[in-house]
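Just below is one structure, and these are the notes that go with it.
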Amino acid sequence: LDGNTGDKEYVGFATLPNQVHRKSVKKGFDFTLMVAGESGLGKSTLVNSLFLTDLYKDRKLLNAEERITQTVEITKHTVDIEEKGVKLKLTIVDTPGFGDAIDNTECWKSVADYIDQQFEQYFRDESGLNRKNIQDNRVHCCLYFISPFGHGLRPLDVEFMKALHEKVNIVPVLAKADTLTPTEVQKKKIKIREEIEQYGIKIYQFPDCDSDEDEEFKQQDLELKESIPFAVIGSNTVVEAKGKRVRGRLYPWGIVEVENSAHCDFVKLRNMLVRTHMQDLKDVTRETHYENYRAQCIQSMTRMVVKERNRNKLTRESGTDFPIPMGPAVSESETEKLIREKDEEVQHFLHL
């Protein structure tokens, strides 16, 4: 003990967070955001507004006739952003053609397949030999754009979210909110939240605040939860309002400021995505959605092994001409025990 202060001797593991921070900053971060919703709802504009980039400069818009035969395709745009020495590799996954066809039956299937493919690739890489440099392309968040021109959710919205809610964190957004009055926005939000609950859709849940958080943080958290779906407006144009240059939309009757909280929820959405919940979105993807997929894979692999072994047992018993070499009886029962334990573990995990 230190004779002067009576404090405990300092060991030094209090610097661990700084070490982790330094290592993380050096390595950089990655985040994959999917945007889904029918064309014309301002998805590209919002993404560009959120990250101050121009990801869609080479985009070619299809005419009505071309869109009749268009299928849902998946496109990826990756951009490296750096801010105050912190590097972020941002991947935007877009779904052009979604909801644009005459018959939209199962048009979300290619989106669900894409998410599963990323899980599968990660599972293969994780089970492989070179696990050090695994590329994580799993989708961490899906911004689903709901049309402002209707009464709440449409059947397509319900089916899409129900098909994907156990694979990805869905964050619903009310697109082009400047087409609605503030009263209409509030009514629509309440209706959409009621319908989400009514249809049993599991959207991304904000984690509960710790009791030791300050009141301001708790208030922000409450406001975020009440903002669902986020009423958003996107703009990449700078206009002049009250002597200040702001990003907004100029109308004959006035200016809509994108970053003004009284006009829309753009700032709340950006803060949630980038400043406060990006890591939680990644954690939920890893610990819940990916683990569910992984458990199902292990379960089906275990079943295949048991099936194969039972088939081999039958083949041996029927006196086949090609006997399969069999290890000692002890190891056989050991294998069975291991497989049974693994199966029980998977079952337990799936029922959590």
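The chains in the structure tokens are called A, B, ... from first to last as shown; in each chain the residues are counted from 1, and the ligands are counted from 1 in the order shown.
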Filtered DSSP result for range 114-291 of chain A, state alpha helix (DSSP H), as a PyMOL selection string: chain A and resi 114-127+155-164+182-198+215-226+266-270+278-284+291
Which of range 160-238 of chain A fall in strand (DSSP E), as a ChimeraX atom specification: /A:170-174,230-231,238
Residue nearest Leu50 in chain A among A:Asn260, A:Thr179, A:Gln296, A:Asn236 (counting only C-alpha atoms):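 Distance minimum relative to Leu50 in chain A lands on A:Asn236.
Nearest-residue note for Asp343 in chain A: choosing from A:Arg309, A:Met272, A:Lys282, A:Ile298, the minimum distance belongs to A:Ile298, counting only C-alpha atoms.
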Between CA of Tyr114 in chain A and CA of Asn133 in chain A, distance in Å (one decimal):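 Atom-to-atom, CA of Tyr114 in chain A to CA of Asn133 in chain A, that is 21.6 Å.
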Between CA of Ala112 in chain A and CA of Glu287 in chain A, distance in Å (one decimal): 18.7 Å
Counting only C-alpha atoms, the option among A:Leu41, A:Cys264, A:Met161, A:Val171 closest to Phe149 in chain A: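 Closest residue, counting only C-alpha atoms: A:Leu41.
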Spatial neighbours of His151 in chain A, 9 Å, only C-alpha atoms, chain gap at least 5 places, as number ranges by chain: A: 188, 191-192
Dump as a PDB file, in the first residue's frame, selection limited to N, CA, C and O atoms:
```
ATOM      1  N   LYS A 188     -49.949   8.688 -38.867  1.00  0.00           N
ATOM      2  CA  LYS A 188     -49.387   7.573 -39.646  1.00  0.00           C
ATOM      3  C   LYS A 188     -48.432   6.736 -38.804  1.00  0.00           C
ATOM      4  O   LYS A 188     -48.419   5.520 -38.881  1.00  0.00           O
ATOM      5  N   LYS A 191     -50.411   4.563 -36.442  1.00  0.00           N
ATOM      6  CA  LYS A 191     -51.076   3.489 -37.203  1.00  0.00           C
ATOM      7  C   LYS A 191     -50.063   2.407 -37.598  1.00  0.00           C
ATOM      8  O   LYS A 191     -50.321   1.221 -37.443  1.00  0.00           O
ATOM      9  N   ILE A 192     -48.888   2.832 -38.096  1.00  0.00           N
ATOM     10  CA  ILE A 192     -47.862   1.871 -38.542  1.00  0.00           C
ATOM     11  C   ILE A 192     -47.350   1.060 -37.352  1.00  0.00           C
ATOM     12  O   ILE A 192     -47.192  -0.158 -37.445  1.00  0.00           O
TER      13      ILE A 192
END
```
For Lys242 in chain A: contacts at 12 Å, only C-alpha atoms, fewer than 4 positions along chain excluded, given as number ranges by chain: A: 246, 254-255, 257
Kindly save the residues from that selection, with N, CA, C and O atoms included, as a short mmCIF file (atom, residue, chain, number, x, y, z; two decimals), in the first residue's frame.
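This went into out_13.cif:
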```
data_model
loop_
_atom_site.label_atom_id
_atom_site.label_comp_id
_atom_site.auth_asym_id
_atom_site.auth_seq_id
_atom_site.Cartn_x
_atom_site.Cartn_y
_atom_site.Cartn_z
N VAL A 246 -28.12 25.82 -45.64
CA VAL A 246 -28.50 24.53 -45.05
C VAL A 246 -28.86 23.54 -46.16
O VAL A 246 -29.20 23.93 -47.28
N GLY A 254 -41.87 27.82 -49.02
CA GLY A 254 -40.86 27.81 -47.94
C GLY A 254 -39.79 26.76 -48.14
O GLY A 254 -39.72 26.12 -49.19
N ILE A 255 -38.96 26.61 -47.12
CA ILE A 255 -37.83 25.67 -47.19
C ILE A 255 -37.99 24.58 -46.14
O ILE A 255 -38.32 24.84 -45.00
N GLU A 257 -35.89 22.04 -44.09
CA GLU A 257 -34.50 21.78 -43.70
C GLU A 257 -34.35 20.33 -43.26
O GLU A 257 -35.03 19.88 -42.34
#
```
Interatomic distance (Å, one decimal) between CA of Glu38 in chain A and CA of Gly99 in chain A: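 Value for the CA of Glu38 in chain A-CA of Gly99 in chain A distance: 5.0 Å.
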